[in-house]
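Shown next: start-v1.pdb, containing PDB, C-alpha atoms, pLDDT in the B column.
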```pdb
ATOM      1  CA  VAL A 215       5.614  25.644  17.762  1.00 42.00           C
ATOM      2  CA  ARG A 216       5.411  27.791  20.834  1.00 46.00           C
ATOM      3  CA  GLY A 217       7.622  25.289  22.634  1.00 47.00           C
ATOM      4  CA  THR A 218       5.223  22.374  22.376  1.00 51.00           C
ATOM      5  CA  ALA A 219       6.159  19.211  20.535  1.00 52.00           C
ATOM      6  CA  ILE A 220       3.389  17.300  18.789  1.00 53.00           C
ATOM      7  CA  VAL A 221       4.130  13.645  19.401  1.00 52.00           C
ATOM      8  CA  PRO A 222       2.475  11.193  17.011  1.00 55.00           C
ATOM      9  CA  THR A 223       0.383   8.825  19.112  1.00 62.00           C
ATOM     10  CA  GLU A 224      -1.683   7.028  16.519  1.00 80.00           C
ATOM     11  CA  THR A 225      -1.411   6.207  12.835  1.00 84.00           C
ATOM     12  CA  PRO A 226      -4.198   5.384  10.421  1.00 87.00           C
ATOM     13  CA  PRO A 227      -4.569   1.780   9.232  1.00 85.00           C
ATOM     14  CA  ALA A 228      -2.268   0.821   6.348  1.00 88.00           C
ATOM     15  CA  THR A 229      -3.250  -1.331   3.390  1.00 89.00           C
ATOM     16  CA  GLY A 230      -0.843  -2.663   0.762  1.00 91.00           C
ATOM     17  CA  GLY A 231       1.949  -0.381   1.873  1.00 92.00           C
ATOM     18  CA  PHE A 232      -0.187   2.758   1.885  1.00 95.00           C
ATOM     19  CA  TYR A 233      -2.048   4.833   4.395  1.00 95.00           C
ATOM     20  CA  ILE A 234      -5.405   5.519   2.767  1.00 96.00           C
ATOM     21  CA  LEU A 235      -6.899   8.849   3.749  1.00 97.00           C
ATOM     22  CA  TYR A 236      -9.841  10.923   2.571  1.00 98.00           C
ATOM     23  CA  ARG A 237      -9.946  14.690   2.230  1.00 98.00           C
ATOM     24  CA  ILE A 238     -12.903  16.972   1.624  1.00 98.00           C
ATOM     25  CA  VAL A 239     -12.092  19.261  -1.316  1.00 98.00           C
ATOM     26  CA  HIS A 240     -13.871  21.969  -3.278  1.00 97.00           C
ATOM     27  CA  GLN A 241     -13.100  20.572  -6.716  1.00 97.00           C
ATOM     28  CA  CYS A 242     -12.321  17.435  -8.683  1.00 97.00           C
ATOM     29  CA  PRO A 243      -9.634  16.809  -9.640  1.00 97.00           C
ATOM     30  CA  PRO A 244      -7.965  18.506  -6.691  1.00 98.00           C
ATOM     31  CA  THR A 245      -5.223  21.081  -7.239  1.00 98.00           C
ATOM     32  CA  LEU A 246      -2.420  22.421  -5.075  1.00 97.00           C
ATOM     33  CA  GLU A 247      -4.966  24.842  -3.593  1.00 97.00           C
ATOM     34  CA  SER A 248      -6.994  21.867  -2.354  1.00 98.00           C
ATOM     35  CA  PHE A 249      -4.247  21.055   0.146  1.00 98.00           C
ATOM     36  CA  ARG A 250      -3.636  24.409   1.753  1.00 97.00           C
ATOM     37  CA  THR A 251      -3.308  24.897   5.473  1.00 98.00           C
ATOM     38  CA  GLN A 252      -5.320  27.644   7.172  1.00 98.00           C
ATOM     39  CA  ARG A 253      -2.147  29.719   7.294  1.00 97.00           C
ATOM     40  CA  GLU A 254      -1.498  29.232   3.584  1.00 97.00           C
ATOM     41  CA  GLU A 255      -5.111  30.189   2.934  1.00 96.00           C
ATOM     42  CA  GLY A 256      -4.366  33.530   4.610  1.00 96.00           C
ATOM     43  CA  LEU A 257      -6.646  32.941   7.576  1.00 97.00           C
ATOM     44  CA  PRO A 258      -5.971  34.729  10.868  1.00 96.00           C
ATOM     45  CA  GLU A 259      -3.636  33.114  13.374  1.00 96.00           C
ATOM     46  CA  PRO A 260      -5.464  31.491  16.283  1.00 97.00           C
ATOM     47  CA  ALA A 261      -5.642  33.563  19.444  1.00 97.00           C
ATOM     48  CA  ALA A 262      -3.190  32.439  22.129  1.00 96.00           C
ATOM     49  CA  GLU A 263      -6.099  31.120  24.228  1.00 96.00           C
ATOM     50  CA  LEU A 264      -6.770  28.423  21.633  1.00 96.00           C
ATOM     51  CA  GLY A 265      -3.537  26.715  22.660  1.00 94.00           C
ATOM     52  CA  PRO A 266      -0.557  25.212  20.862  1.00 94.00           C
ATOM     53  CA  GLU A 267      -2.309  22.279  19.178  1.00 92.00           C
ATOM     54  CA  LYS A 268      -4.770  24.471  17.317  1.00 95.00           C
ATOM     55  CA  HIS A 269      -1.999  26.895  16.421  1.00 96.00           C
ATOM     56  CA  TRP A 270       0.024  23.985  15.105  1.00 95.00           C
ATOM     57  CA  SER A 271      -2.914  22.749  13.000  1.00 96.00           C
ATOM     58  CA  TRP A 272      -3.463  26.276  11.642  1.00 97.00           C
ATOM     59  CA  GLN A 273       0.151  26.475  10.589  1.00 97.00           C
ATOM     60  CA  PHE A 274       0.828  22.968   9.323  1.00 97.00           C
ATOM     61  CA  GLY A 275      -2.315  20.823   9.215  1.00 97.00           C
ATOM     62  CA  VAL A 276      -4.306  19.587   6.231  1.00 98.00           C
ATOM     63  CA  SER A 277      -7.412  17.748   7.465  1.00 98.00           C
ATOM     64  CA  THR A 278      -8.120  14.180   6.384  1.00 98.00           C
ATOM     65  CA  PHE A 279     -10.057  11.189   7.671  1.00 97.00           C
ATOM     66  CA  SER A 280      -9.051   7.553   7.855  1.00 96.00           C
ATOM     67  CA  LYS A 281     -12.695   6.543   7.359  1.00 95.00           C
ATOM     68  CA  ALA A 282     -14.287   7.315   4.011  1.00 96.00           C
ATOM     69  CA  LYS A 283     -17.725   7.307   5.604  1.00 95.00           C
ATOM     70  CA  LYS A 284     -16.790  10.077   8.031  1.00 95.00           C
ATOM     71  CA  ALA A 285     -15.505  12.319   5.241  1.00 97.00           C
ATOM     72  CA  ARG A 286     -18.501  11.531   3.052  1.00 96.00           C
ATOM     73  CA  ASP A 287     -21.050  12.067   5.841  1.00 95.00           C
ATOM     74  CA  LEU A 288     -19.526  15.422   6.754  1.00 95.00           C
ATOM     75  CA  ALA A 289     -19.361  16.639   3.146  1.00 96.00           C
ATOM     76  CA  ARG A 290     -22.929  15.474   2.441  1.00 95.00           C
ATOM     77  CA  TRP A 291     -24.186  17.109   5.613  1.00 94.00           C
ATOM     78  CA  SER A 292     -22.470  20.332   4.564  1.00 93.00           C
ATOM     79  CA  GLN A 293     -23.969  20.193   1.084  1.00 92.00           C
ATOM     80  CA  ARG A 294     -27.479  19.588   2.403  1.00 91.00           C
ATOM     81  CA  GLY A 295     -27.291  22.570   4.723  1.00 87.00           C
ATOM     82  CA  GLN A 296     -25.029  24.708   2.518  1.00 88.00           C
ATOM     83  CA  HIS A 297     -22.479  24.985   5.292  1.00 87.00           C
ATOM     84  CA  GLY A 298     -19.570  25.660   2.932  1.00 92.00           C
ATOM     85  CA  LEU A 299     -17.326  22.623   3.090  1.00 95.00           C
ATOM     86  CA  GLY A 300     -16.310  21.014  -0.192  1.00 96.00           C
ATOM     87  CA  ALA A 301     -18.644  18.754  -2.138  1.00 96.00           C
ATOM     88  CA  PHE A 302     -15.985  16.246  -3.183  1.00 98.00           C
ATOM     89  CA  ILE A 303     -13.844  13.586  -1.539  1.00 98.00           C
ATOM     90  CA  ALA A 304     -10.269  13.059  -2.686  1.00 98.00           C
ATOM     91  CA  THR A 305      -8.709   9.707  -1.838  1.00 98.00           C
ATOM     92  CA  LEU A 306      -5.019   9.796  -0.973  1.00 97.00           C
ATOM     93  CA  HIS A 307      -2.634   6.840  -0.941  1.00 97.00           C
ATOM     94  CA  ILE A 308       0.363   7.819   1.138  1.00 96.00           C
ATOM     95  CA  PRO A 309       3.260   5.351   1.092  1.00 95.00           C
ATOM     96  CA  VAL A 310       3.979   3.986   4.548  1.00 92.00           C
ATOM     97  CA  LEU A 311       7.694   4.284   3.809  1.00 91.00           C
ATOM     98  CA  GLY A 312       9.435   7.245   2.275  1.00 88.00           C
ATOM     99  CA  ALA A 313       6.678   9.788   1.752  1.00 90.00           C
ATOM    100  CA  PRO A 314       7.707  13.323   2.744  1.00 93.00           C
ATOM    101  CA  ILE A 315       4.434  13.691   4.610  1.00 95.00           C
ATOM    102  CA  LEU A 316       3.811  13.476   8.324  1.00 94.00           C
ATOM    103  CA  ILE A 317       0.477  12.079   9.515  1.00 95.00           C
ATOM    104  CA  VAL A 318      -0.583  13.327  12.927  1.00 94.00           C
ATOM    105  CA  LYS A 319      -3.643  12.309  14.927  1.00 93.00           C
ATOM    106  CA  THR A 320      -5.565  15.414  15.872  1.00 92.00           C
ATOM    107  CA  GLY A 321      -9.181  16.331  16.445  1.00 90.00           C
ATOM    108  CA  GLY A 322     -11.998  13.861  16.739  1.00 87.00           C
ATOM    109  CA  SER A 323     -12.776  10.366  15.556  1.00 83.00           C
ATOM    110  CA  SER A 324     -10.659   9.229  12.573  1.00 92.00           C
ATOM    111  CA  HIS A 325      -9.338  12.750  11.899  1.00 95.00           C
ATOM    112  CA  PHE A 326      -5.674  13.166  10.966  1.00 96.00           C
ATOM    113  CA  ASP A 327      -3.700  16.233   9.965  1.00 97.00           C
ATOM    114  CA  LEU A 328      -1.273  15.846   7.094  1.00 97.00           C
ATOM    115  CA  VAL A 329       1.889  17.890   7.253  1.00 96.00           C
ATOM    116  CA  GLY A 330       3.811  18.327   4.057  1.00 96.00           C
ATOM    117  CA  ASP A 331       4.293  20.306   0.907  1.00 95.00           C
ATOM    118  CA  ALA A 332       1.036  20.632  -1.077  1.00 97.00           C
ATOM    119  CA  GLN A 333       2.805  19.232  -4.139  1.00 97.00           C
ATOM    120  CA  ALA A 334       3.834  16.127  -2.189  1.00 97.00           C
ATOM    121  CA  ILE A 335       0.299  15.633  -0.884  1.00 98.00           C
ATOM    122  CA  LEU A 336      -1.235  16.182  -4.321  1.00 98.00           C
ATOM    123  CA  ALA A 337       1.100  13.492  -5.675  1.00 97.00           C
ATOM    124  CA  THR A 338      -0.637  10.929  -3.443  1.00 97.00           C
ATOM    125  CA  TYR A 339      -4.081  11.672  -4.877  1.00 97.00           C
ATOM    126  CA  VAL A 340      -5.635   8.670  -6.639  1.00 97.00           C
ATOM    127  CA  ASP A 341      -9.347   9.369  -6.927  1.00 96.00           C
ATOM    128  CA  CYS A 342     -11.946  12.078  -6.468  1.00 97.00           C
ATOM    129  CA  VAL A 343     -15.717  11.766  -6.295  1.00 97.00           C
ATOM    130  CA  ALA A 344     -18.664  14.046  -5.712  1.00 97.00           C
ATOM    131  CA  VAL A 345     -20.727  13.372  -2.618  1.00 95.00           C
TER     132      VAL A 345
ATOM    133  CA  VAL B 198     -30.525   3.684  29.743  1.00 70.00           C
ATOM    134  CA  ILE B 199     -28.163   4.625  26.944  1.00 71.00           C
ATOM    135  CA  VAL B 200     -26.631   8.046  27.310  1.00 73.00           C
ATOM    136  CA  MET B 201     -25.458   9.516  24.007  1.00 77.00           C
ATOM    137  CA  SER B 202     -22.451  11.758  24.172  1.00 89.00           C
ATOM    138  CA  LYS B 203     -21.512  14.451  21.702  1.00 93.00           C
ATOM    139  CA  THR B 204     -18.313  15.960  20.472  1.00 95.00           C
ATOM    140  CA  PHE B 205     -18.114  19.457  19.040  1.00 97.00           C
ATOM    141  CA  GLU B 206     -16.023  20.573  16.091  1.00 97.00           C
ATOM    142  CA  ILE B 207     -15.211  23.886  14.491  1.00 98.00           C
ATOM    143  CA  TRP B 208     -14.427  23.666  10.770  1.00 98.00           C
ATOM    144  CA  GLU B 209     -12.878  26.353   8.602  1.00 98.00           C
ATOM    145  CA  THR B 210     -14.820  25.956   5.391  1.00 97.00           C
ATOM    146  CA  ARG B 211     -12.608  27.793   2.887  1.00 96.00           C
ATOM    147  CA  SER B 212      -9.621  25.523   3.492  1.00 97.00           C
ATOM    148  CA  ASN B 213     -11.727  22.491   4.558  1.00 98.00           C
ATOM    149  CA  ASN B 214      -9.607  22.171   7.689  1.00 98.00           C
ATOM    150  CA  LEU B 215     -10.538  21.410  11.277  1.00 98.00           C
ATOM    151  CA  VAL B 216      -9.923  24.283  13.677  1.00 97.00           C
ATOM    152  CA  GLY B 217     -10.526  22.195  16.780  1.00 96.00           C
ATOM    153  CA  ALA B 218     -12.501  19.426  18.465  1.00 96.00           C
ATOM    154  CA  TYR B 219     -14.082  19.910  21.881  1.00 96.00           C
ATOM    155  CA  ALA B 220     -15.788  17.932  24.612  1.00 96.00           C
ATOM    156  CA  THR B 221     -18.351  20.668  25.227  1.00 97.00           C
ATOM    157  CA  GLU B 222     -20.111  23.377  23.254  1.00 97.00           C
ATOM    158  CA  ASP B 223     -19.040  25.931  25.857  1.00 97.00           C
ATOM    159  CA  ALA B 224     -15.369  25.110  25.246  1.00 97.00           C
ATOM    160  CA  ALA B 225     -15.832  25.633  21.518  1.00 98.00           C
ATOM    161  CA  LEU B 226     -17.640  28.925  22.053  1.00 98.00           C
ATOM    162  CA  ALA B 227     -14.873  30.088  24.401  1.00 98.00           C
ATOM    163  CA  ASP B 228     -12.408  29.668  21.534  1.00 98.00           C
ATOM    164  CA  VAL B 229     -14.735  31.599  19.231  1.00 98.00           C
ATOM    165  CA  ARG B 230     -14.839  34.460  21.760  1.00 98.00           C
ATOM    166  CA  ALA B 231     -11.044  34.432  22.058  1.00 98.00           C
ATOM    167  CA  GLN B 232     -10.680  34.606  18.296  1.00 98.00           C
ATOM    168  CA  LEU B 233     -13.237  37.425  18.092  1.00 97.00           C
ATOM    169  CA  ALA B 234     -11.377  39.358  20.765  1.00 97.00           C
ATOM    170  CA  SER B 235      -8.072  38.940  18.923  1.00 96.00           C
ATOM    171  CA  HIS B 236      -9.109  39.487  15.327  1.00 96.00           C
ATOM    172  CA  GLY B 237     -12.750  40.586  15.109  1.00 95.00           C
ATOM    173  CA  LYS B 238     -15.726  39.033  13.342  1.00 95.00           C
ATOM    174  CA  ALA B 239     -13.913  38.448  10.058  1.00 94.00           C
ATOM    175  CA  ALA B 240     -11.762  35.831  11.791  1.00 95.00           C
ATOM    176  CA  VAL B 241     -14.725  33.474  12.276  1.00 97.00           C
ATOM    177  CA  GLU B 242     -16.565  34.328   9.065  1.00 96.00           C
ATOM    178  CA  THR B 243     -15.735  30.944   7.541  1.00 97.00           C
ATOM    179  CA  TRP B 244     -16.066  28.910  10.753  1.00 97.00           C
ATOM    180  CA  THR B 245     -18.860  26.403  11.285  1.00 97.00           C
ATOM    181  CA  LEU B 246     -19.619  24.801  14.647  1.00 98.00           C
ATOM    182  CA  LEU B 247     -21.247  21.370  14.589  1.00 96.00           C
ATOM    183  CA  SER B 248     -21.818  18.487  16.928  1.00 96.00           C
ATOM    184  CA  GLU B 249     -21.451  14.799  16.295  1.00 94.00           C
ATOM    185  CA  SER B 250     -23.123  12.185  18.466  1.00 92.00           C
ATOM    186  CA  ASP B 251     -21.986   8.632  19.165  1.00 88.00           C
ATOM    187  CA  ASP B 252     -24.212   7.362  16.368  1.00 88.00           C
ATOM    188  CA  GLU B 253     -22.329   9.719  13.979  1.00 87.00           C
ATOM    189  CA  ALA B 254     -25.298  12.039  13.478  1.00 91.00           C
ATOM    190  CA  ILE B 255     -24.044  15.518  12.635  1.00 94.00           C
ATOM    191  CA  GLU B 256     -25.932  18.599  13.784  1.00 94.00           C
ATOM    192  CA  TYR B 257     -25.417  22.203  12.794  1.00 95.00           C
ATOM    193  CA  ILE B 258     -25.058  24.675  15.655  1.00 96.00           C
ATOM    194  CA  ALA B 259     -23.975  27.973  14.073  1.00 96.00           C
ATOM    195  CA  ASP B 260     -21.643  29.555  11.561  1.00 95.00           C
ATOM    196  CA  SER B 261     -20.185  32.894  10.501  1.00 95.00           C
ATOM    197  CA  THR B 262     -21.842  35.926  12.127  1.00 95.00           C
ATOM    198  CA  GLY B 263     -24.412  33.662  13.777  1.00 97.00           C
ATOM    199  CA  LEU B 264     -21.573  31.813  15.470  1.00 97.00           C
ATOM    200  CA  ALA B 265     -20.050  35.088  16.635  1.00 97.00           C
ATOM    201  CA  GLU B 266     -23.390  36.205  18.051  1.00 97.00           C
ATOM    202  CA  LEU B 267     -23.986  32.880  19.798  1.00 98.00           C
ATOM    203  CA  ALA B 268     -20.513  32.968  21.348  1.00 98.00           C
ATOM    204  CA  MET B 269     -21.030  36.460  22.711  1.00 97.00           C
ATOM    205  CA  LYS B 270     -24.536  35.650  23.954  1.00 97.00           C
ATOM    206  CA  ARG B 271     -23.146  32.684  25.875  1.00 94.00           C
ATOM    207  CA  ALA B 272     -20.227  34.579  27.385  1.00 93.00           C
ATOM    208  CA  PRO B 273     -20.061  34.090  31.150  1.00 88.00           C
ATOM    209  CA  SER B 274     -21.342  37.210  32.861  1.00 78.00           C
ATOM    210  CA  GLN B 275     -19.036  39.360  34.924  1.00 57.00           C
ATOM    211  CA  ALA B 276     -21.084  38.468  38.011  1.00 56.00           C
ATOM    212  CA  ALA B 277     -20.763  34.725  37.377  1.00 58.00           C
ATOM    213  CA  ARG B 278     -17.026  35.041  36.944  1.00 55.00           C
ATOM    214  CA  ALA B 279     -16.545  37.103  40.113  1.00 51.00           C
TER     215      ALA B 279
END
```

Can the structure from this file be put into structure tokens for me?
Amino acid sequence: VRGTAIVPTETPPATGGFYILYRIVHQCPPTLESFRTQREEGLPEPAAELGPEKHWSWQFGVSTFSKAKKARDLARWSQRGQHGLGAFIATLHIPVLGAPILIVKTGGSSHFDLVGDAQAILATYVDCVAV
Amino acid sequence: VIVMSKTFEIWETRSNNLVGAYATEDAALADVRAQLASHGKAAVETWTLLSESDDEAIEYIADSTGLAELAMKRAPSQAARA
């Protein structure tokens, strides 16, 4: 994207052959729409000044956390203040080997972008709870 | 003396995706201004800016039109940039 390669530098911890990641969603159970990128959601492209990483995330990234607490804290905080993020946490088990999903470290603490077809990501969903 | 540091994040709340993480509030607001200049206020309508401290406390800073107004209010003046 715009001539800049995103090189994976960190992977989330794996347990029992799976990467376990947590995504804030608007509904339980999640649907294909729960795993849309900003681009797929029809949101405006980032201005050039935002740089290639944010453009890449807009185009390909689906936000998740490797720490359940981080996802839960953020969703609860949003619910308390009515800041608009989803009120549910979907747990994803992504096979370490063979999943057609790329996991890329972006953003802050324990945040990872998933890159893959929404159907493939939805197939890794195992649980969903309200915060 | 323990000095707490903060990180700043902009979230897009319709898709539940992170727009970006920043070391300073000013850097985040600069991106908001760039997005406003490119696409207008509608482009940040679903953005929320928050901070997170080392102890994982999350604080609201601004969202939607309030975020747009804050970003413009904090724009460096022409004189300061000269």

Can you work out which residues from chain A touch chain B at a cut-off of 6 Å (counting all atoms listed in the file) and hand them back as a PyMOL selection string? chain A and resi 258+261+264+277+298-299+321-322

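Against the coordinates shown, the PyMOL selection byres ((chain A and resi 318) around 6) returns Pro222, Ile317, Lys319, Phe326 and Asp327 of chain A.
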
Expected file contents, prior selection, C-alpha atoms, as a PDB file, in the frame of the given file:
```pdb
ATOM      1  CA  PRO A 222       2.475  11.193  17.011  1.00 55.00           C
ATOM      2  CA  ILE A 317       0.477  12.079   9.515  1.00 95.00           C
ATOM      3  CA  LYS A 319      -3.643  12.309  14.927  1.00 93.00           C
ATOM      4  CA  PHE A 326      -5.674  13.166  10.966  1.00 96.00           C
ATOM      5  CA  ASP A 327      -3.700  16.233   9.965  1.00 97.00           C
TER       6      ASP A 327
END
```

Please write as an mmCIF file with C-alpha atoms, in the frame of the given file the full residue list that the PyMOL selection byres ((chain A and resi 240-252) around 9) yields on this file.
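Listing of result.cif after writing:
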```
data_model
loop_
_atom_site.group_PDB
_atom_site.id
_atom_site.type_symbol
_atom_site.label_atom_id
_atom_site.label_comp_id
_atom_site.auth_asym_id
_atom_site.auth_seq_id
_atom_site.Cartn_x
_atom_site.Cartn_y
_atom_site.Cartn_z
ATOM 1 C CA ARG A 237 -9.946 14.690 2.230
ATOM 2 C CA ILE A 238 -12.903 16.972 1.624
ATOM 3 C CA VAL A 239 -12.092 19.261 -1.316
ATOM 4 C CA ARG A 253 -2.147 29.719 7.294
ATOM 5 C CA GLU A 254 -1.498 29.232 3.584
ATOM 6 C CA GLU A 255 -5.111 30.189 2.934
ATOM 7 C CA GLY A 256 -4.366 33.530 4.610
ATOM 8 C CA LEU A 257 -6.646 32.941 7.576
ATOM 9 C CA PRO A 258 -5.971 34.729 10.868
ATOM 10 C CA GLU A 259 -3.636 33.114 13.374
ATOM 11 C CA SER A 271 -2.914 22.749 13.000
ATOM 12 C CA TRP A 272 -3.463 26.276 11.642
ATOM 13 C CA GLN A 273 0.151 26.475 10.589
ATOM 14 C CA PHE A 274 0.828 22.968 9.323
ATOM 15 C CA GLY A 275 -2.315 20.823 9.215
ATOM 16 C CA VAL A 276 -4.306 19.587 6.231
ATOM 17 C CA SER A 277 -7.412 17.748 7.465
ATOM 18 C CA LEU A 299 -17.326 22.623 3.090
ATOM 19 C CA GLY A 300 -16.310 21.014 -0.192
ATOM 20 C CA ALA A 301 -18.644 18.754 -2.138
ATOM 21 C CA PHE A 302 -15.985 16.246 -3.183
ATOM 22 C CA ILE A 303 -13.844 13.586 -1.539
ATOM 23 C CA ALA A 304 -10.269 13.059 -2.686
ATOM 24 C CA VAL A 329 1.889 17.890 7.253
ATOM 25 C CA ASP A 331 4.293 20.306 0.907
ATOM 26 C CA ALA A 332 1.036 20.632 -1.077
ATOM 27 C CA GLN A 333 2.805 19.232 -4.139
ATOM 28 C CA ILE A 335 0.299 15.633 -0.884
ATOM 29 C CA LEU A 336 -1.235 16.182 -4.321
ATOM 30 C CA TYR A 339 -4.081 11.672 -4.877
ATOM 31 C CA ASP A 341 -9.347 9.369 -6.927
ATOM 32 C CA CYS A 342 -11.946 12.078 -6.468
ATOM 33 C CA VAL A 343 -15.717 11.766 -6.295
ATOM 34 C CA ALA A 344 -18.664 14.046 -5.712
ATOM 35 C CA GLU B 209 -12.878 26.353 8.602
ATOM 36 C CA ARG B 211 -12.608 27.793 2.887
ATOM 37 C CA SER B 212 -9.621 25.523 3.492
ATOM 38 C CA ASN B 213 -11.727 22.491 4.558
ATOM 39 C CA ASN B 214 -9.607 22.171 7.689
ATOM 40 C CA VAL B 216 -9.923 24.283 13.677
#
```

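The nearest approach to Glu224 (chain A) among the residues A:Ala289, A:Leu316, A:Leu306, A:Ala282, with only C-alpha atoms taken into account, belongs to A:Leu316.
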
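The space separating CA of Leu226 (chain B) from CA of Ala268 (chain B) comes to 5.0 Å.
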
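In this model, the gap between CA of Arg271 (chain B) and CA of Ile258 (chain B) comes to 13.1 Å.
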
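With distances taken over all atoms listed in the file, A:Thr305 is the one residue among A:Gly231, A:Pro314, A:Pro260, A:Thr305 lying closest to Arg286 (chain A).
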
Neighbours of Pro226 (chain A) within 10 Å (all atoms listed in the file; same-chain residues fewer than 3 positions away dropped), as a PyMOL selection string? chain A and resi 229+232-235+279-281+317-319+324-326

If you count all atoms listed in the file, the residue of B:Glu222, B:Ala265, B:Met201, B:Ser274 closest to Ser248 (chain B) turns out to be B:Glu222

re CA of Ala228 (chain A) and CA of Pro266 (chain A): distance 28.4 Å

Listed atoms of region 235-248 of chain B boxed axis-aligned with 8 Å per side, centre + edges as JSON:
```
{"center_x": -14.9, "center_y": 29.5, "center_z": 13.2, "size_x": 29.7, "size_y": 38.1, "size_z": 27.4}
```
